[in-house]
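The structure file entry.txt is reproduced below (compact mmCIF, C-alpha atoms and all ligand atoms).
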```txt
# COMPACT_ATOMS: atom_id res chain seq x y z
CA MET A 1 -43.01 -53.64 -58.92
CA ILE A 2 -39.34 -54.04 -59.76
CA HIS A 3 -36.89 -51.76 -57.92
CA PHE A 4 -33.90 -50.92 -60.12
CA LYS A 5 -30.62 -50.32 -58.32
CA THR A 6 -27.88 -47.76 -58.88
CA LYS A 7 -24.23 -48.88 -59.10
CA GLU A 8 -23.73 -47.65 -55.53
CA GLU A 9 -26.69 -49.68 -54.30
CA ILE A 10 -25.40 -52.78 -56.10
CA GLU A 11 -22.08 -52.35 -54.26
CA LEU A 12 -23.96 -52.28 -50.95
CA ILE A 13 -25.80 -55.47 -51.92
CA ARG A 14 -22.39 -56.95 -52.77
CA GLU A 15 -21.11 -56.00 -49.32
CA SER A 16 -24.02 -57.80 -47.62
CA SER A 17 -23.71 -60.78 -49.97
CA LEU A 18 -19.99 -61.14 -49.21
CA ILE A 19 -20.71 -61.26 -45.48
CA VAL A 20 -23.13 -64.10 -46.29
CA SER A 21 -20.42 -65.95 -48.22
CA LYS A 22 -17.80 -65.37 -45.53
CA CYS A 23 -20.34 -66.62 -42.99
CA HIS A 24 -20.82 -69.83 -45.02
CA ALA A 25 -17.04 -70.23 -45.16
CA GLU A 26 -16.76 -69.72 -41.40
CA VAL A 27 -19.58 -72.18 -40.65
CA ALA A 28 -18.02 -74.74 -43.03
CA LYS A 29 -14.91 -74.89 -40.83
CA TYR A 30 -17.02 -76.42 -38.05
CA ILE A 31 -19.05 -78.92 -40.08
CA LYS A 32 -18.34 -82.49 -39.01
CA PRO A 33 -20.23 -85.53 -37.72
CA GLY A 34 -21.34 -85.04 -34.11
CA VAL A 35 -21.82 -81.28 -34.35
CA LYS A 36 -25.38 -80.07 -33.73
CA THR A 37 -26.86 -77.82 -36.39
CA ILE A 38 -27.93 -75.34 -33.68
CA GLU A 39 -24.22 -74.87 -32.92
CA LEU A 40 -23.67 -73.79 -36.54
CA ASP A 41 -26.49 -71.27 -36.15
CA LYS A 42 -24.77 -69.64 -33.17
CA ILE A 43 -21.45 -69.45 -35.05
CA ALA A 44 -23.25 -67.77 -37.96
CA GLU A 45 -25.07 -65.20 -35.86
CA THR A 46 -21.91 -64.19 -34.00
CA PHE A 47 -19.95 -63.95 -37.26
CA ILE A 48 -22.56 -61.79 -38.99
CA ARG A 49 -22.88 -59.37 -36.05
CA ASP A 50 -19.07 -59.17 -35.67
CA ASN A 51 -18.97 -58.06 -39.32
CA GLY A 52 -21.48 -55.28 -38.81
CA GLY A 53 -24.44 -57.10 -40.33
CA VAL A 54 -27.79 -58.29 -39.05
CA PRO A 55 -29.04 -61.86 -39.66
CA ALA A 56 -31.74 -61.30 -42.27
CA PHE A 57 -33.80 -64.41 -41.61
CA LYS A 58 -34.04 -64.10 -37.82
CA GLY A 59 -37.45 -62.61 -37.12
CA TYR A 60 -38.44 -62.59 -40.82
CA ASN A 61 -42.15 -63.48 -40.67
CA GLY A 62 -41.29 -64.99 -37.30
CA PHE A 63 -38.49 -67.31 -38.47
CA PRO A 64 -36.54 -67.99 -35.27
CA TYR A 65 -32.96 -68.57 -36.47
CA THR A 66 -30.03 -67.03 -38.35
CA LEU A 67 -29.61 -69.96 -40.75
CA CYS A 68 -32.04 -72.22 -42.52
CA ILE A 69 -30.49 -75.70 -42.25
CA SER A 70 -32.25 -78.39 -44.25
CA VAL A 71 -30.83 -81.91 -43.97
CA ASN A 72 -31.22 -84.71 -46.56
CA GLU A 73 -34.94 -84.67 -47.55
CA GLY A 74 -35.11 -81.09 -46.23
CA VAL A 75 -35.54 -78.70 -49.15
CA VAL A 76 -35.47 -75.26 -47.52
CA HIS A 77 -36.48 -73.33 -44.37
CA GLY A 78 -35.34 -76.06 -41.95
CA PHE A 79 -34.75 -75.14 -38.30
CA PRO A 80 -31.27 -75.57 -36.82
CA ASN A 81 -31.72 -77.99 -33.90
CA ASN A 82 -30.09 -80.53 -31.61
CA ARG A 83 -29.74 -83.19 -34.27
CA GLU A 84 -26.09 -84.11 -34.72
CA ILE A 85 -24.61 -84.07 -38.21
CA GLN A 86 -24.03 -87.63 -39.44
CA ASP A 87 -21.74 -89.21 -41.98
CA LYS A 88 -23.40 -89.22 -45.45
CA ASP A 89 -25.75 -86.30 -44.64
CA ILE A 90 -26.27 -83.53 -47.12
CA LEU A 91 -26.69 -80.22 -45.37
CA SER A 92 -28.33 -77.29 -47.17
CA ILE A 93 -27.46 -74.03 -45.45
CA ASP A 94 -29.20 -70.81 -46.47
CA CYS A 95 -28.08 -67.47 -45.05
CA GLY A 96 -29.13 -63.85 -45.44
CA VAL A 97 -27.56 -60.62 -44.16
CA LYS A 98 -28.76 -57.03 -43.97
CA LYS A 99 -26.24 -54.21 -43.79
CA ASN A 100 -26.52 -50.52 -44.72
CA GLY A 101 -30.19 -51.13 -45.52
CA PHE A 102 -29.51 -53.77 -48.20
CA PHE A 103 -29.81 -57.55 -48.21
CA GLY A 104 -27.62 -60.38 -49.49
CA ASP A 105 -28.79 -64.00 -49.81
CA SER A 106 -26.90 -67.18 -50.67
CA ALA A 107 -27.16 -70.93 -50.08
CA PHE A 108 -24.87 -73.94 -50.34
CA THR A 109 -25.35 -77.66 -49.84
CA PHE A 110 -22.54 -79.53 -48.08
CA PRO A 111 -21.98 -83.29 -48.58
CA ILE A 112 -20.68 -84.92 -45.41
CA GLY A 113 -18.03 -87.61 -45.29
CA ASP A 114 -18.67 -90.80 -47.22
CA VAL A 115 -21.74 -89.37 -48.99
CA ASP A 116 -23.59 -91.57 -51.50
CA GLU A 117 -22.54 -91.05 -55.12
CA ILE A 118 -26.15 -90.37 -56.23
CA HIS A 119 -26.35 -87.54 -53.71
CA LEU A 120 -22.99 -86.12 -54.71
CA LYS A 121 -24.16 -86.10 -58.33
CA LEU A 122 -27.40 -84.35 -57.32
CA LEU A 123 -25.32 -81.62 -55.69
CA ARG A 124 -22.97 -81.31 -58.65
CA ILE A 125 -25.77 -81.05 -61.21
CA THR A 126 -27.70 -78.57 -59.05
CA LEU A 127 -24.61 -76.40 -58.62
CA GLU A 128 -23.98 -76.54 -62.37
CA SER A 129 -27.59 -75.55 -63.01
CA LEU A 130 -27.17 -72.48 -60.82
CA TYR A 131 -24.27 -71.30 -62.98
CA LEU A 132 -26.19 -72.08 -66.17
CA GLY A 133 -29.06 -69.96 -64.81
CA ILE A 134 -26.64 -67.17 -63.97
CA LYS A 135 -25.22 -67.31 -67.49
CA ALA A 136 -28.71 -66.46 -68.78
CA ALA A 137 -29.07 -63.49 -66.40
CA VAL A 138 -28.11 -60.83 -68.93
CA SER A 139 -29.82 -57.73 -70.21
CA GLY A 140 -32.29 -58.48 -73.01
CA ASN A 141 -33.00 -62.04 -71.86
CA ARG A 142 -36.14 -62.86 -69.90
CA ILE A 143 -36.83 -64.54 -66.56
CA GLY A 144 -37.95 -67.65 -68.44
CA ASP A 145 -34.47 -68.02 -69.96
CA ILE A 146 -33.02 -68.48 -66.46
CA GLY A 147 -35.61 -71.07 -65.46
CA PHE A 148 -35.28 -72.86 -68.79
CA ALA A 149 -31.51 -73.25 -68.35
CA ILE A 150 -31.91 -74.65 -64.83
CA GLN A 151 -34.78 -76.98 -65.75
CA LYS A 152 -33.04 -78.29 -68.88
CA HIS A 153 -29.93 -79.36 -66.97
CA THR A 154 -31.68 -80.82 -63.92
CA GLU A 155 -35.07 -82.17 -65.02
CA VAL A 156 -34.75 -82.75 -68.75
CA ASP A 157 -31.15 -84.00 -68.89
CA ASN A 158 -30.87 -85.69 -65.47
CA GLY A 159 -34.41 -86.64 -64.47
CA TYR A 160 -34.49 -84.68 -61.22
CA GLY A 161 -37.52 -82.87 -59.76
CA VAL A 162 -37.50 -79.08 -59.99
CA VAL A 163 -39.32 -77.61 -57.00
CA LYS A 164 -42.14 -75.40 -58.31
CA ASP A 165 -43.72 -74.16 -55.06
CA LEU A 166 -40.67 -72.07 -54.11
CA VAL A 167 -38.74 -69.72 -56.37
CA GLY A 168 -35.90 -67.20 -56.48
CA HIS A 169 -36.59 -63.50 -56.16
CA GLY A 170 -35.52 -59.92 -56.59
CA ILE A 171 -33.49 -58.58 -53.67
CA GLY A 172 -32.37 -55.17 -52.43
CA ARG A 173 -33.89 -53.04 -49.67
CA SER A 174 -36.18 -56.02 -49.08
CA LEU A 175 -35.14 -59.67 -48.78
CA HIS A 176 -37.80 -60.70 -51.26
CA GLU A 177 -38.75 -58.34 -54.09
CA ASP A 178 -40.19 -58.68 -57.57
CA PRO A 179 -39.66 -60.38 -59.89
CA GLN A 180 -40.11 -64.01 -58.93
CA VAL A 181 -37.37 -66.19 -60.42
CA PRO A 182 -38.70 -69.73 -60.99
CA ASN A 183 -36.32 -72.62 -61.60
CA TYR A 184 -38.44 -73.68 -64.57
CA GLY A 185 -39.65 -71.76 -67.57
CA LYS A 186 -39.80 -71.17 -71.27
CA ARG A 187 -37.20 -69.41 -73.37
CA GLY A 188 -38.08 -65.82 -74.19
CA LYS A 189 -41.00 -65.69 -71.72
CA GLY A 190 -41.54 -63.62 -68.61
CA VAL A 191 -40.15 -60.32 -67.34
CA MET A 192 -37.41 -58.72 -69.47
CA LEU A 193 -34.06 -58.57 -67.66
CA LYS A 194 -32.38 -55.16 -67.51
CA GLU A 195 -29.27 -53.67 -65.93
CA GLY A 196 -30.04 -52.44 -62.43
CA MET A 197 -32.03 -55.56 -61.54
CA VAL A 198 -30.62 -57.69 -58.73
CA ILE A 199 -32.00 -61.18 -58.21
CA ALA A 200 -31.37 -64.27 -56.09
CA ILE A 201 -31.16 -67.35 -58.32
CA GLU A 202 -31.66 -70.48 -56.23
CA PRO A 203 -32.35 -73.89 -57.78
CA MET A 204 -34.02 -76.28 -55.32
CA ILE A 205 -33.65 -79.67 -56.96
CA ASN A 206 -35.01 -83.01 -55.74
CA LEU A 207 -33.62 -86.46 -56.46
CA GLY A 208 -37.18 -87.77 -56.91
CA THR A 209 -40.52 -86.01 -57.14
CA TYR A 210 -40.69 -82.24 -57.57
CA LYS A 211 -43.48 -82.19 -54.99
CA VAL A 212 -42.81 -80.87 -51.51
CA LYS A 213 -44.66 -80.67 -48.21
CA GLN A 214 -44.47 -78.45 -45.17
CA LEU A 215 -43.96 -79.76 -41.64
CA ASN A 216 -46.17 -78.80 -38.69
CA ASP A 217 -43.59 -76.23 -37.51
CA GLY A 218 -45.01 -74.01 -40.26
CA TRP A 219 -41.61 -73.60 -41.94
CA THR A 220 -39.65 -76.73 -42.83
CA ILE A 221 -40.15 -77.84 -46.43
CA ILE A 222 -39.29 -81.47 -47.24
CA THR A 223 -39.55 -83.57 -50.37
CA GLY A 224 -42.85 -85.36 -51.00
CA ASP A 225 -41.17 -88.76 -51.26
CA GLY A 226 -38.47 -88.42 -48.59
CA LYS A 227 -35.64 -88.48 -51.13
CA ALA A 228 -32.81 -85.98 -50.99
CA SER A 229 -32.87 -82.35 -52.12
CA ALA A 230 -30.13 -79.83 -52.99
CA HIS A 231 -30.11 -76.02 -52.87
CA PHE A 232 -27.54 -73.54 -54.15
CA GLU A 233 -28.08 -69.80 -54.40
CA HIS A 234 -26.27 -66.66 -55.48
CA THR A 235 -27.28 -63.01 -55.36
CA VAL A 236 -26.68 -61.71 -58.89
CA ALA A 237 -26.86 -58.35 -60.69
CA ILE A 238 -28.08 -58.43 -64.28
CA GLY A 239 -25.18 -57.49 -66.57
CA LYS A 240 -24.95 -56.23 -70.13
CA GLN A 241 -22.69 -59.02 -71.42
CA GLU A 242 -22.57 -61.27 -68.38
CA ALA A 243 -24.19 -61.48 -64.96
CA ILE A 244 -22.34 -60.07 -61.98
CA ILE A 245 -22.26 -62.56 -59.09
CA LEU A 246 -22.34 -60.59 -55.84
CA SER A 247 -21.98 -63.49 -53.40
CA ASP A 248 -18.89 -65.72 -53.65
CA HIS A 249 -18.76 -69.52 -53.47
CA ASN A 250 -14.95 -69.53 -53.80
CA LEU A 251 -14.68 -68.54 -50.16
CA ILE A 252 -16.72 -71.63 -49.28
CA PHE A 253 -14.63 -73.90 -51.50
CA ASP A 254 -11.52 -72.75 -49.60
CA SER A 255 -13.08 -73.96 -46.36
CA ILE A 256 -14.22 -77.23 -47.93
CA ASN A 257 -10.71 -77.90 -49.20
CA ASN A 258 -9.43 -77.54 -45.64
CA ASN A 259 -12.14 -79.69 -44.01
CA ILE A 260 -11.71 -83.45 -44.44
CA ASN A 261 -15.29 -83.99 -43.19
CA ILE A 262 -16.81 -82.34 -46.27
CA LYS A 263 -16.63 -84.10 -49.63
CA LYS A 264 -15.56 -82.08 -52.65
CA ILE A 265 -18.45 -81.61 -55.05
CA GLN A 266 -16.45 -81.26 -58.26
MG MG B 1 -31.46 -67.89 -49.48
MG MG B 2 -33.33 -66.48 -51.58
```
Starting from the file, give its structure as structure tokens.
Amino acid sequence: MIHFKTKEEIELIRESSLIVSKCHAEVAKYIKPGVKTIELDKIAETFIRDNGGVPAFKGYNGFPYTLCISVNEGVVHGFPNNREIQDKDILSIDCGVKKNGFFGDSAFTFPIGDVDEIHLKLLRITLESLYLGIKAAVSGNRIGDIGFAIQKHTEVDNGYGVVKDLVGHGIGRSLHEDPQVPNYGKRGKGVMLKEGMVIAIEPMINLGTYKVKQLNDGWTIITGDGKASAHFEHTVAIGKQEAIILSDHNLIFDSINNNINIKKIQ
């Protein structure tokens, strides 16, 4: 069942989503080779609580951390740990916040240092596909129009693998609500989009095969062939003429521009 939101509720989702984005921006200040990903998790948790939010992932179905940090072949749901960030890594960081009873959810993949050009391109195309998906998130379109836009740019035009086993989702009083938002689809198919719907659009795009596997920790998803994966996500309200992006990557770009250890994507 789809829960439609009032304007006031959408503003509360925006508030939570902006804490997520500010948290990404804060974490990005500390990203450099030698830093352990568990250290980033602590920075994120402190930041979220200092801003009156609650880390949405911590305790969700037993997930133990504030951030999902998925490195290189990691797709999503990776555990922050004692591994030190290395030059050329790509670091997917997913974060969720609950405040005033509403959730926000956003993800960003950071390229570290002298990252390989093929990985930088994977990130750029995946980020572009997110915004193409968002462009389709308008009233009167259907869920399939979003997935089609993402799949066309990533799989059809660039030969990447679109992860099928994991999808975007509605969001509001729950972290994951209906409808599901796949990163593949057919034009004009699926649930009709209407004002009042709020969804998380989150392309998970692999350099090689679209297939993924889960590690024995019961969470971490990695690519089936060990090649790299990228993940970008925004929380978005369906608009009449254009989608309303409730999270904000510009805050993250500001941090990237001030951190010589992170490569610029565009
Ligand atoms: Mg997320
Ligand atoms: Mg999500």
Just need the box for stretch 230-233 of chain A, edges along x, y and z, holding every atom the file lists for it with 4 Å tacked onto each side, so centre and edge lengths in Å to one decimal, as JSON.
```
{"center_x": -28.8, "center_y": -74.8, "center_z": -53.6, "size_x": 10.6, "size_y": 18.0, "size_z": 9.5}
```
Surrounding residues as an NGL selection string, ligand MG 2 (chain B), max 8 Å, only C-alpha atoms and all ligand atoms = :A and (94 or 96 or 105-107 or 167-169 or 175-176 or 200-202 or 233 or 235)
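Proximity of A:Ser21, A:Thr6, A:Gln214, A:Thr46 to A:His249, computed with only C-alpha atoms, is greatest for A:Ser21.
Going from atom CA of A:Asn82 to atom CA of A:Thr37 covers 6.4 Å.
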Report task. Name the residues, using the chain letters and numbers of the file, that sit within 10 Å of (-27.3, -88.5, -58.8) when counting all atoms listed in the file, and give them as an MDAnalysis selection string. Result -> chainID A and resid 116:126 158:160 206:207 228
**OP:** Please measure the separation of atom CA of A:Asn100 and atom CA of A:Glu177, giving the value in Å to one decimal.
**Re:**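 Rounded to one decimal, the two atoms are 17.3 Å apart.
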Can you check which parts of stretch 71-131 of chain A lie within 10 Å of stretch 217-223 of chain A? Per residue, the shortest pair of atoms and distance in Å to one decimal, counting all atoms listed in the file, sorted by chain and number, as CSV.
```
residue,atom,partner,partner_atom,distance
A:Val71,CA,A:Ile222,CA,9.1
A:Asn72,CA,A:Ile222,CA,8.7
A:Glu73,CA,A:Ile222,CA,5.4
A:Gly74,CA,A:Ile222,CA,4.3
A:Val75,CA,A:Ile222,CA,5.0
A:Val76,CA,A:Ile221,CA,5.5
A:His77,CA,A:Thr220,CA,4.9
A:Gly78,CA,A:Thr220,CA,4.4
A:Phe79,CA,A:Thr220,CA,6.9
```
What separates atom CA of A:Lys88 and atom CA of A:Ile112 is a distance of 5.1 Å
When distances are computed from only C-alpha atoms and all ligand atoms, which of A:Lys240, A:His231, A:Lys264, A:Lys211 shows the smallest separation from ligand MG 1 (chain B)?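 Between A:Lys240, A:His231, A:Lys264, A:Lys211, the residue approaching ligand MG 1 (chain B) most closely is A:His231.
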